[in-house]
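Just target.txt here, compact mmCIF, C-alpha atoms and all ligand atoms:
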```txt
# COMPACT_ATOMS: atom_id res chain seq x y z
CA MET N 1 -113.88 -24.27 -19.76
CA THR N 2 -114.52 -20.83 -21.26
CA LYS N 3 -117.99 -19.82 -22.32
CA LEU N 4 -116.96 -20.10 -25.99
CA GLU N 5 -115.50 -23.57 -25.50
CA GLN N 6 -118.71 -24.68 -23.80
CA LEU N 7 -120.86 -23.28 -26.62
CA LYS N 8 -118.70 -24.97 -29.25
CA LYS N 9 -118.94 -28.24 -27.38
CA ASP N 10 -122.75 -28.06 -27.06
CA ALA N 11 -123.37 -26.79 -30.58
CA SER N 12 -123.66 -30.06 -32.46
CA LYS N 13 -126.28 -31.39 -30.05
CA VAL N 14 -128.27 -28.16 -29.69
CA LEU N 15 -128.23 -27.36 -33.39
CA ALA N 16 -128.90 -30.89 -34.67
CA PRO N 17 -132.69 -30.48 -35.06
CA TYR N 18 -132.24 -27.18 -36.91
CA PHE N 19 -129.58 -28.61 -39.21
CA GLU N 20 -131.87 -31.56 -39.90
CA LYS N 21 -134.50 -29.16 -41.23
CA VAL N 22 -131.91 -27.43 -43.40
CA ASP N 23 -130.87 -30.82 -44.80
CA ALA N 24 -134.48 -31.68 -45.60
CA VAL N 25 -134.95 -28.43 -47.53
CA CYS N 26 -131.66 -29.06 -49.31
CA GLU N 27 -132.80 -32.52 -50.35
CA GLU N 28 -136.08 -31.24 -51.73
CA ASN N 29 -134.40 -28.46 -53.71
CA SER N 30 -131.76 -30.90 -54.98
CA ARG N 31 -134.56 -33.11 -56.24
CA LYS N 32 -136.10 -30.10 -57.97
CA VAL N 33 -132.79 -29.29 -59.72
CA MET N 34 -132.20 -32.90 -60.73
CA ASP N 35 -135.76 -33.22 -62.10
CA ALA N 36 -135.21 -30.08 -64.18
CA PHE N 37 -131.92 -31.46 -65.55
CA HIS N 38 -133.66 -34.70 -66.52
CA LYS N 39 -136.74 -33.04 -67.97
CA ASN N 40 -134.56 -30.83 -70.15
CA GLN N 41 -132.24 -33.72 -71.08
CA VAL N 42 -128.97 -31.99 -70.30
CA THR N 43 -126.04 -33.36 -72.31
CA ASP N 44 -122.45 -32.24 -72.70
CA ALA N 45 -123.50 -30.56 -75.95
CA HIS N 46 -125.09 -27.94 -73.68
CA PHE N 47 -121.63 -27.00 -72.39
CA GLY N 48 -120.88 -25.67 -75.88
CA SER N 49 -120.47 -21.97 -76.36
CA THR N 50 -121.40 -19.18 -78.72
CA THR N 51 -119.68 -15.88 -79.47
CA GLY N 52 -120.73 -12.76 -81.36
CA TYR N 53 -124.51 -12.39 -81.55
CA GLY N 54 -125.04 -15.71 -79.82
CA TYR N 55 -127.67 -17.15 -82.16
CA ASP N 56 -128.80 -20.74 -81.57
CA ASP N 57 -127.12 -21.21 -78.22
CA LEU N 58 -128.55 -24.58 -77.25
CA GLY N 59 -127.02 -24.55 -73.77
CA ARG N 60 -128.20 -21.01 -72.98
CA ASP N 61 -131.77 -21.77 -74.04
CA THR N 62 -131.77 -24.98 -72.00
CA ILE N 63 -130.44 -23.12 -68.95
CA ASP N 64 -133.30 -20.62 -69.29
CA GLN N 65 -135.81 -23.47 -69.20
CA ILE N 66 -134.09 -25.24 -66.30
CA PHE N 67 -134.14 -22.05 -64.22
CA ALA N 68 -137.80 -21.54 -65.15
CA ASP N 69 -138.61 -25.06 -63.95
CA VAL N 70 -136.60 -24.77 -60.74
CA LEU N 71 -138.13 -21.35 -60.01
CA GLU N 72 -141.65 -22.65 -60.62
CA SER N 73 -142.09 -20.18 -63.47
CA GLU N 74 -143.22 -20.28 -67.09
CA SER N 75 -140.08 -18.71 -68.41
CA ALA N 76 -136.70 -17.29 -67.44
CA ILE N 77 -133.75 -15.39 -68.84
CA VAL N 78 -130.37 -16.21 -67.30
CA ARG N 79 -127.45 -14.23 -68.65
CA SER N 80 -123.90 -13.15 -67.96
CA GLN N 81 -124.92 -9.95 -69.76
CA PHE N 82 -126.69 -9.01 -66.54
CA ILE N 83 -123.75 -7.50 -64.73
CA SER N 84 -125.37 -7.70 -61.27
CA GLY N 85 -128.60 -8.26 -59.40
CA THR N 86 -129.20 -4.52 -59.53
CA HIS N 87 -128.83 -4.60 -63.29
CA ALA N 88 -131.43 -7.38 -63.59
CA LEU N 89 -133.81 -5.42 -61.33
CA THR N 90 -133.19 -2.33 -63.46
CA VAL N 91 -133.92 -4.22 -66.68
CA ALA N 92 -137.11 -5.64 -65.16
CA LEU N 93 -138.28 -2.17 -64.09
CA PHE N 94 -137.42 -0.43 -67.35
CA GLY N 95 -138.75 -3.39 -69.35
CA ILE N 96 -142.21 -3.12 -67.83
CA LEU N 97 -142.75 0.50 -66.78
CA ARG N 98 -143.75 3.30 -69.18
CA PRO N 99 -144.12 7.06 -68.67
CA ASN N 100 -146.86 7.96 -66.15
CA ASP N 101 -147.04 4.39 -64.83
CA ILE N 102 -146.97 3.96 -61.07
CA LEU N 103 -144.38 1.74 -59.42
CA LEU N 104 -145.43 0.85 -55.87
CA SER N 105 -143.00 -0.61 -53.35
CA ILE N 106 -144.86 -2.39 -50.55
CA SER N 107 -141.82 -3.38 -48.51
CA GLY N 108 -140.58 0.12 -47.71
CA LYS N 109 -137.62 1.75 -49.37
CA PRO N 110 -135.90 -0.60 -51.82
CA TYR N 111 -132.24 -1.61 -51.79
CA ASP N 112 -129.75 1.27 -51.77
CA THR N 113 -128.34 0.52 -55.22
CA LEU N 114 -131.79 1.30 -56.69
CA ASP N 115 -131.74 4.93 -55.47
CA GLN N 116 -130.51 6.29 -58.78
CA VAL N 117 -132.48 3.72 -60.78
CA ILE N 118 -135.82 4.81 -59.35
CA GLY N 119 -134.64 8.38 -58.95
CA PHE N 120 -134.59 9.10 -55.19
CA THR N 121 -131.14 10.33 -56.00
CA GLU N 122 -131.15 12.58 -59.06
CA ASN N 123 -129.93 10.80 -62.17
CA PRO N 124 -130.71 11.74 -65.78
CA SER N 125 -131.26 8.06 -66.63
CA SER N 126 -133.60 7.22 -63.74
CA LEU N 127 -137.16 5.93 -64.04
CA ALA N 128 -138.25 9.32 -62.65
CA SER N 129 -136.52 11.07 -65.56
CA PHE N 130 -138.77 9.05 -67.90
CA GLY N 131 -141.87 10.13 -65.98
CA VAL N 132 -142.43 6.92 -64.03
CA LYS N 133 -144.07 7.67 -60.70
CA TYR N 134 -143.02 6.01 -57.48
CA GLU N 135 -145.08 5.34 -54.38
CA GLN N 136 -144.16 3.46 -51.24
CA ILE N 137 -145.99 1.68 -48.44
CA ASP N 138 -143.84 0.83 -45.45
CA LEU N 139 -143.88 -2.44 -43.57
CA VAL N 140 -145.60 -2.45 -40.18
CA GLU N 141 -143.89 -4.59 -37.54
CA ASP N 142 -141.96 -6.39 -40.27
CA ASP N 143 -145.13 -7.35 -42.11
CA PHE N 144 -147.06 -5.86 -45.01
CA ASP N 145 -149.61 -3.13 -44.36
CA TYR N 146 -152.35 -5.23 -45.99
CA GLU N 147 -155.18 -2.75 -45.50
CA LYS N 148 -153.22 0.20 -46.79
CA ILE N 149 -152.08 -1.81 -49.83
CA ALA N 150 -155.66 -2.84 -50.65
CA SER N 151 -157.02 0.68 -50.31
CA PHE N 152 -154.16 2.19 -52.33
CA LEU N 153 -154.86 -0.27 -55.15
CA GLN N 154 -158.55 0.60 -55.01
CA ASP N 155 -157.76 4.28 -55.48
CA HIS N 156 -154.91 4.07 -58.00
CA LYS N 157 -154.14 2.17 -61.17
CA VAL N 158 -150.73 0.72 -60.30
CA LYS N 159 -148.65 -0.89 -63.06
CA MET N 160 -146.09 -2.70 -60.98
CA ILE N 161 -145.57 -3.67 -57.35
CA GLU N 162 -142.09 -4.28 -56.00
CA ILE N 163 -141.41 -6.49 -52.99
CA GLN N 164 -137.92 -6.88 -51.58
CA ARG N 165 -137.64 -9.96 -49.39
CA SER N 166 -134.17 -9.61 -47.93
CA LYS N 167 -133.38 -6.66 -45.69
CA GLY N 168 -130.42 -4.85 -47.25
CA TYR N 169 -128.80 -2.66 -44.58
CA SER N 170 -132.01 -2.35 -42.56
CA THR N 171 -132.92 -4.01 -39.27
CA ARG N 172 -136.19 -5.53 -40.33
CA LYS N 173 -136.85 -9.24 -40.74
CA THR N 174 -136.71 -10.96 -44.09
CA ILE N 175 -140.12 -11.44 -45.67
CA SER N 176 -141.28 -15.05 -45.41
CA LEU N 177 -143.17 -16.95 -48.08
CA SER N 178 -146.31 -17.12 -45.95
CA LYS N 179 -146.41 -13.31 -45.90
CA ILE N 180 -145.83 -13.27 -49.67
CA GLU N 181 -148.70 -15.71 -50.14
CA LYS N 182 -150.99 -13.58 -48.00
CA VAL N 183 -150.11 -10.28 -49.68
CA VAL N 184 -150.52 -11.74 -53.19
CA LYS N 185 -154.05 -12.81 -52.18
CA THR N 186 -154.76 -9.35 -50.80
CA ILE N 187 -153.50 -7.70 -54.00
CA ARG N 188 -155.40 -10.04 -56.32
CA GLU N 189 -158.70 -9.44 -54.51
CA VAL N 190 -158.46 -5.80 -55.57
CA ASP N 191 -156.41 -5.85 -58.76
CA SER N 192 -155.98 -8.85 -61.04
CA GLU N 193 -153.64 -7.07 -63.46
CA VAL N 194 -150.95 -5.31 -61.46
CA ILE N 195 -147.57 -6.92 -62.09
CA ILE N 196 -145.98 -8.19 -58.88
CA MET N 197 -142.19 -8.36 -58.92
CA VAL N 198 -140.08 -9.82 -56.12
CA ASP N 199 -136.43 -9.05 -55.47
CA ASN N 200 -135.50 -12.57 -54.39
CA CYS N 201 -131.81 -11.89 -53.68
CA TYR N 202 -130.40 -14.16 -50.92
CA CYS N 203 -133.67 -16.12 -50.59
CA GLU N 204 -133.49 -18.82 -53.29
CA PHE N 205 -133.44 -22.40 -51.99
CA VAL N 206 -133.71 -21.33 -48.34
CA SER N 207 -137.26 -22.71 -48.49
CA THR N 208 -138.82 -25.41 -50.66
CA HIS N 209 -140.76 -22.94 -52.80
CA GLU N 210 -140.11 -19.58 -54.45
CA PRO N 211 -142.51 -16.60 -54.55
CA THR N 212 -143.60 -17.44 -58.13
CA TYR N 213 -145.29 -20.53 -56.66
CA TYR N 214 -147.66 -18.18 -54.83
CA GLY N 215 -148.58 -16.13 -57.87
CA VAL N 216 -145.81 -13.56 -58.09
CA ASP N 217 -145.35 -12.49 -61.73
CA LEU N 218 -141.62 -11.76 -61.87
CA LEU N 219 -138.69 -12.93 -59.79
CA VAL N 220 -135.19 -11.43 -59.89
CA GLY N 221 -131.91 -12.58 -58.39
CA SER N 222 -128.14 -12.60 -58.74
CA LEU N 223 -125.90 -15.51 -59.73
CA ILE N 224 -123.09 -14.40 -57.43
CA LYS N 225 -125.55 -15.15 -54.68
CA ASN N 226 -127.60 -18.30 -54.06
CA LEU N 227 -128.35 -19.77 -57.48
CA GLY N 228 -124.82 -19.43 -58.83
CA GLY N 229 -123.71 -21.96 -56.22
CA GLY N 230 -120.34 -20.21 -55.93
CA ILE N 231 -119.46 -21.46 -59.42
CA ALA N 232 -121.10 -18.92 -61.76
CA PRO N 233 -118.54 -16.12 -62.23
CA ASN N 234 -121.23 -13.44 -62.74
CA GLY N 235 -124.76 -12.99 -64.06
CA ALA N 236 -128.33 -12.81 -62.88
CA TYR N 237 -131.78 -14.08 -63.77
CA ILE N 238 -135.32 -12.86 -64.28
CA ALA N 239 -138.04 -15.52 -64.14
CA GLY N 240 -141.81 -15.49 -64.26
CA ARG N 241 -144.72 -15.07 -66.67
CA SER N 242 -143.47 -15.66 -70.21
CA ASP N 243 -144.99 -12.50 -71.72
CA LEU N 244 -143.20 -10.44 -69.08
CA VAL N 245 -139.90 -12.31 -69.43
CA ASP N 246 -140.13 -11.63 -73.20
CA LEU N 247 -140.69 -7.91 -72.51
CA VAL N 248 -137.73 -7.58 -70.18
CA SER N 249 -135.55 -9.63 -72.54
CA GLU N 250 -136.18 -7.07 -75.26
CA ARG N 251 -135.02 -4.38 -72.86
CA LEU N 252 -131.84 -6.31 -71.97
CA THR N 253 -130.97 -6.86 -75.65
CA VAL N 254 -132.89 -5.42 -78.58
CA PRO N 255 -136.60 -5.04 -79.38
CA GLY N 256 -137.28 -7.81 -81.86
CA GLN N 257 -134.34 -9.95 -80.74
CA GLY N 258 -134.92 -10.52 -77.02
CA ARG N 259 -133.77 -13.90 -75.80
CA GLU N 260 -132.58 -15.00 -79.27
CA VAL N 261 -129.28 -13.18 -78.86
CA GLY N 262 -126.62 -12.98 -76.15
CA PRO N 263 -123.54 -15.22 -76.48
CA SER N 264 -122.82 -17.56 -73.57
CA LEU N 265 -119.05 -17.09 -74.05
CA GLY N 266 -118.17 -20.42 -72.48
CA LEU N 267 -120.20 -19.99 -69.28
CA ASN N 268 -122.97 -22.55 -69.83
CA LYS N 269 -121.19 -25.29 -67.90
CA ALA N 270 -120.50 -22.95 -64.98
CA PHE N 271 -124.15 -21.86 -64.82
CA LEU N 272 -125.37 -25.46 -64.92
CA GLN N 273 -122.84 -26.69 -62.40
CA GLY N 274 -123.49 -23.71 -60.15
CA LEU N 275 -127.22 -24.41 -60.09
CA PHE N 276 -126.44 -28.07 -59.44
CA PHE N 277 -124.42 -27.15 -56.33
CA ALA N 278 -126.74 -24.35 -55.23
CA PRO N 279 -129.06 -26.31 -52.90
CA SER N 280 -126.05 -27.61 -50.93
CA VAL N 281 -124.19 -24.31 -50.95
CA VAL N 282 -127.30 -22.50 -49.69
CA ALA N 283 -127.67 -25.17 -46.98
CA SER N 284 -124.01 -24.62 -45.95
CA SER N 285 -124.66 -20.89 -45.80
CA VAL N 286 -127.75 -21.34 -43.65
CA LYS N 287 -125.91 -23.72 -41.31
CA THR N 288 -123.07 -21.21 -40.98
CA ALA N 289 -125.64 -18.52 -40.17
CA ILE N 290 -127.33 -20.71 -37.54
CA TYR N 291 -123.98 -21.59 -35.97
CA THR N 292 -122.95 -17.92 -35.91
CA SER N 293 -126.24 -16.98 -34.32
CA TYR N 294 -125.92 -19.65 -31.64
CA LEU N 295 -122.36 -18.72 -30.64
CA LEU N 296 -122.82 -14.97 -30.63
CA GLU N 297 -126.13 -15.03 -28.81
CA GLY N 298 -124.51 -17.31 -26.25
CA LEU N 299 -121.77 -14.73 -25.82
CA GLY N 300 -124.33 -12.04 -25.09
CA TYR N 301 -124.90 -10.32 -28.43
CA GLN N 302 -128.33 -9.71 -29.88
CA VAL N 303 -128.76 -11.63 -33.12
CA GLU N 304 -131.41 -11.80 -35.83
CA PRO N 305 -132.57 -14.41 -36.58
CA THR N 306 -131.84 -16.45 -33.46
CA TYR N 307 -130.68 -20.01 -34.07
CA GLN N 308 -134.25 -21.23 -33.44
CA GLY N 309 -135.85 -18.53 -35.60
CA GLU N 310 -137.48 -18.93 -38.99
CA ARG N 311 -135.10 -18.18 -41.87
CA SER N 312 -136.07 -16.87 -45.28
CA ASP N 313 -132.61 -15.82 -46.48
CA ILE N 314 -128.94 -16.58 -45.85
CA VAL N 315 -128.19 -13.33 -44.01
CA GLN N 316 -127.27 -13.28 -40.31
CA ASN N 317 -127.39 -10.03 -38.36
CA ILE N 318 -125.23 -9.54 -35.30
CA PHE N 319 -125.81 -6.42 -33.20
CA PHE N 320 -122.33 -5.70 -31.89
CA GLY N 321 -123.33 -2.49 -30.14
CA ASN N 322 -119.86 -1.00 -30.46
CA ARG N 323 -117.46 -0.12 -33.23
CA GLU N 324 -114.48 -2.11 -31.96
CA ASP N 325 -116.22 -5.48 -31.88
CA LEU N 326 -117.76 -5.02 -35.34
CA ILE N 327 -114.37 -4.15 -36.83
CA ALA N 328 -112.54 -6.95 -35.01
CA TYR N 329 -115.13 -9.50 -36.10
CA CYS N 330 -114.92 -8.43 -39.76
CA GLU N 331 -111.12 -8.52 -39.56
CA GLY N 332 -111.38 -12.05 -38.21
CA ILE N 333 -113.67 -13.15 -41.06
CA GLN N 334 -111.30 -11.63 -43.62
CA ALA N 335 -108.30 -13.35 -42.00
CA ALA N 336 -110.13 -16.68 -42.25
CA SER N 337 -110.98 -16.27 -45.95
CA PRO N 338 -109.28 -18.32 -48.66
CA ILE N 339 -108.37 -15.26 -50.76
CA ASN N 340 -106.79 -11.99 -49.57
CA ALA N 341 -106.66 -13.24 -45.99
CA HIS N 342 -103.48 -11.23 -45.42
CA TYR N 343 -105.29 -7.93 -46.09
CA ALA N 344 -107.23 -6.16 -43.35
CA PRO N 345 -110.61 -4.67 -44.22
CA VAL N 346 -110.63 -0.92 -43.59
CA PRO N 347 -113.83 1.05 -42.93
CA SER N 348 -114.36 3.44 -45.80
CA SER N 349 -117.00 5.57 -47.42
CA MET N 350 -118.94 4.08 -50.32
CA PRO N 351 -121.01 5.77 -53.00
CA GLY N 352 -124.64 5.84 -51.96
CA TYR N 353 -124.05 5.34 -48.24
CA ASP N 354 -123.90 8.04 -45.56
CA ASP N 355 -121.75 6.12 -43.11
CA GLU N 356 -118.44 4.37 -43.47
CA ILE N 357 -118.77 0.68 -44.25
CA ILE N 358 -116.50 -2.19 -43.36
CA MET N 359 -116.48 -5.19 -45.67
CA ALA N 360 -114.80 -8.53 -45.19
CA ALA N 361 -114.84 -10.51 -48.40
CA GLY N 362 -112.04 -12.87 -49.32
CA ALA N 363 -113.90 -14.48 -52.19
CA PHE N 364 -112.88 -16.34 -55.35
CA THR N 365 -115.37 -14.20 -57.28
CA GLN N 366 -115.31 -10.44 -56.81
CA GLY N 367 -118.33 -9.31 -54.81
CA SER N 368 -119.67 -12.82 -54.44
CA SER N 369 -121.75 -13.03 -51.28
CA ILE N 370 -122.70 -16.69 -51.48
CA GLU N 371 -119.09 -17.01 -50.38
CA LEU N 372 -118.63 -16.08 -46.73
CA SER N 373 -118.65 -12.33 -46.36
CA CYS N 374 -119.45 -9.91 -43.59
CA ASP N 375 -120.07 -6.20 -43.73
CA GLY N 376 -121.81 -3.39 -41.99
CA PRO N 377 -122.15 0.37 -41.73
CA LEU N 378 -120.22 1.97 -38.85
CA ARG N 379 -123.21 3.46 -37.08
CA GLU N 380 -125.31 2.56 -34.06
CA PRO N 381 -126.13 -0.20 -33.25
CA TYR N 382 -123.09 -1.53 -35.15
CA ILE N 383 -124.76 -4.40 -36.97
CA ALA N 384 -122.81 -6.94 -38.98
CA TYR N 385 -124.51 -8.48 -42.01
CA GLN N 386 -122.91 -11.86 -42.54
CA GLN N 387 -123.84 -14.19 -45.34
CA GLY N 388 -122.71 -17.18 -47.32
CA SER N 389 -120.16 -19.94 -47.03
CA LEU N 390 -119.44 -22.45 -49.75
CA THR N 391 -119.12 -25.20 -47.15
CA PHE N 392 -120.15 -25.38 -43.51
CA PRO N 393 -116.71 -26.42 -42.16
CA TYR N 394 -115.05 -23.36 -43.73
CA GLY N 395 -117.82 -21.16 -42.35
CA LYS N 396 -117.53 -22.68 -38.88
CA ILE N 397 -113.76 -22.20 -38.78
CA ALA N 398 -114.06 -18.58 -39.91
CA VAL N 399 -116.74 -17.66 -37.38
CA GLU N 400 -114.76 -19.19 -34.52
CA GLN N 401 -111.65 -17.29 -35.61
CA ALA N 402 -113.60 -14.04 -35.90
CA ILE N 403 -114.88 -14.42 -32.34
CA GLU N 404 -111.33 -15.12 -31.12
CA LYS N 405 -110.29 -11.93 -32.90
CA ILE N 406 -112.80 -9.91 -30.84
CA PHE N 407 -111.35 -11.41 -27.63
CA SER N 408 -107.74 -10.82 -28.64
CA THR N 409 -108.46 -7.21 -29.68
CA ARG N 410 -110.01 -6.48 -26.29
CA SER N 411 -107.18 -7.82 -24.16
C1 LIG O 501 -127.59 -8.17 -53.34
C2 LIG O 501 -128.92 -7.59 -53.44
C3 LIG O 501 -129.34 -6.93 -54.61
C4 LIG O 501 -128.50 -6.81 -55.84
O1 LIG O 501 -127.22 -6.44 -55.57
P1 LIG O 501 -126.05 -6.53 -56.63
O2 LIG O 501 -124.86 -6.29 -55.78
O3 LIG O 501 -126.28 -5.46 -57.63
O4 LIG O 501 -126.06 -7.88 -57.26
C5 LIG O 501 -130.61 -6.40 -54.62
N1 LIG O 501 -131.43 -6.52 -53.58
C6 LIG O 501 -131.07 -7.16 -52.44
C7 LIG O 501 -132.03 -7.26 -51.31
C8 LIG O 501 -129.80 -7.72 -52.34
O5 LIG O 501 -129.45 -8.36 -51.23
```
Spit out the file's structure as structure tokens when you get a sec.
Amino acid sequence: MTKLEQLKKDASKVLAPYFEKVDAVCEENSRKVMDAFHKNQVTDAHFGSTTGYGYDDLGRDTIDQIFADVLESESAIVRSQFISGTHALTVALFGILRPNDILLSISGKPYDTLDQVIGFTENPSSLASFGVKYEQIDLVEDDFDYEKIASFLQDHKVKMIEIQRSKGYSTRKTISLSKIEKVVKTIREVDSEVIIMVDNCYCEFVSTHEPTYYGVDLLVGSLIKNLGGGIAPNGAYIAGRSDLVDLVSERLTVPGQGREVGPSLGLNKAFLQGLFFAPSVVASSVKTAIYTSYLLEGLGYQVEPTYQGERSDIVQNIFFGNREDLIAYCEGIQAASPINAHYAPVPSSMPGYDDEIIMAAGAFTQGSSIELSCDGPLREPYIAYQQGSLTFPYGKIAVEQAIEKIFSTRS
């Protein structure tokens, strides 16, 4: 028996206790979603649609409240008018920050797509161009620099703190809820007013709580990731304190109109159904990640997290260590996708990135990464960032095929 065959054979037994935990989290989050549907008395009238200004959209307003409940928040705005997670983050930042305010990131440099938003990269529409100041405190050994954060807040009046949980294209660990809880306490001991915002992309429903439960003021995420359940065709959400959600809503639409406008254009059912599926789809993604981790570690690659490791998001890192294996693996994932399987992913340069990037994504929804996708920059140590899978069997099949592709490319 080959090493791979042996690993595949042992997997169900070895991984059973870890999958059991994933199932328990899934059940608790499913209960949370169902409770929110019942509390808000969802009926088929909520599938109705508005056009034009979108006044009196019963379904849209109910969806906002359901997301607020599920995200343990006072309020939420969930809209297809958010064109991406980055857009929702941008609206949250511009909605809150004013000239001369300080924005402080305490999880190091934020996600690449925010470079021009914050103004690391020159842009005449950046926060910097409006006179918003930016400061950054890096993580230390994948954890917050609690002392430095406390002393910075003692010395400066900071308007808003940004925390990014998931790792983007970095090698750090995802920030767990226990670290969020601890840092919120640290912050509140020094400053009771600073607005704490969390970029929650890829993290929703991986645990049984969300950062808002621990006192975070604003939470932002994309609907073509976890909470869209693979059904929402686009959109994003901002949830949290209702005064802040009102403020950012007036930035998304119009001062004075806020959440009252914004047509749902027939998407209410998809948003509701997507959220309904989300706990299970996230569980399938996490199981696919655990399975990937187990096989590839068994074959000698470094992985993060390991199959036994704590997980706070749906992303699996594989350190391939060489260009050929990373490319072959991504080709294998693409070839095992439902859509565009007959196309090969080609490494290419992307705006905002220094290195070429390879991306395997054969998804029903363009750019959706709750569907199985795998990508990585072509630089040392050749790390793949794999995430998603609408079901575990499809994920399992794809990962096995991608590994076979590495073997067949070598020989
Ligand atoms: C995906 C993601 C975003 C938002 O990305 P979009 O592609 O604009 O939706 C922001 N932050 C993190 C950490 C992410 O993973």
**Item:** Who sits within 8 Å of N:Ser80, all atoms listed in the file, same chain under 5 positions skipped, as an NGL selection string
**Value:** :N and (234-236 or 264 or 267)
Could you list as an mmCIF file with C-alpha atoms, in the frame of the given file every residue that has an atom within 7 Å of (-117.8, -13.4, -73.6), using the file's coordinates and counting all atoms listed in the file?
```
data_model
loop_
_atom_site.group_PDB
_atom_site.id
_atom_site.type_symbol
_atom_site.label_atom_id
_atom_site.label_comp_id
_atom_site.auth_asym_id
_atom_site.auth_seq_id
_atom_site.Cartn_x
_atom_site.Cartn_y
_atom_site.Cartn_z
ATOM 1 C CA THR N 51 -119.680 -15.880 -79.470
ATOM 2 C CA PRO N 263 -123.540 -15.220 -76.480
ATOM 3 C CA SER N 264 -122.820 -17.560 -73.570
ATOM 4 C CA LEU N 265 -119.050 -17.090 -74.050
#
```
**Message:** With distances taken over only C-alpha atoms and all ligand atoms, which residue among N:Val198, N:Ile318, N:Ile406, N:Cys330 lies nearest ligand LIG 501 (chain O)?
**Reply:**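 So, comparing all the options, the nearest one is N:Val198.
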Size and centre in Å, one decimal, axis-aligned box, all listed ligand LIG 501 (chain O) atoms plus 3 Å per side, as AutoDock Vina command-line options:
```
--center_x -128.4 --center_y -6.9 --center_z -54.4 --size_x 13.2 --size_y 8.9 --size_z 12.4
```
**Message:** 6 Å from ligand LIG 501 (chain O) is the threshold here; counting all atoms listed in the file, which polymer residues fall inside it? Answer as number ranges by chain.
**Reply:** N: 84-86, 111, 164, 166-168, 199, 201-202, 222
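For the pair atom CA of N:Gly300 and atom CA of N:Leu390, the interatomic distance is 27.2 Å.
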**Request:** Would you please work out which residue, of N:Gln65, N:Ser178, N:Thr90, N:Thr50, is nearest to N:Leu252 when using only C-alpha atoms?
**Result:**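 Residue with the minimum atom-to-atom distance to N:Leu252: N:Thr90.
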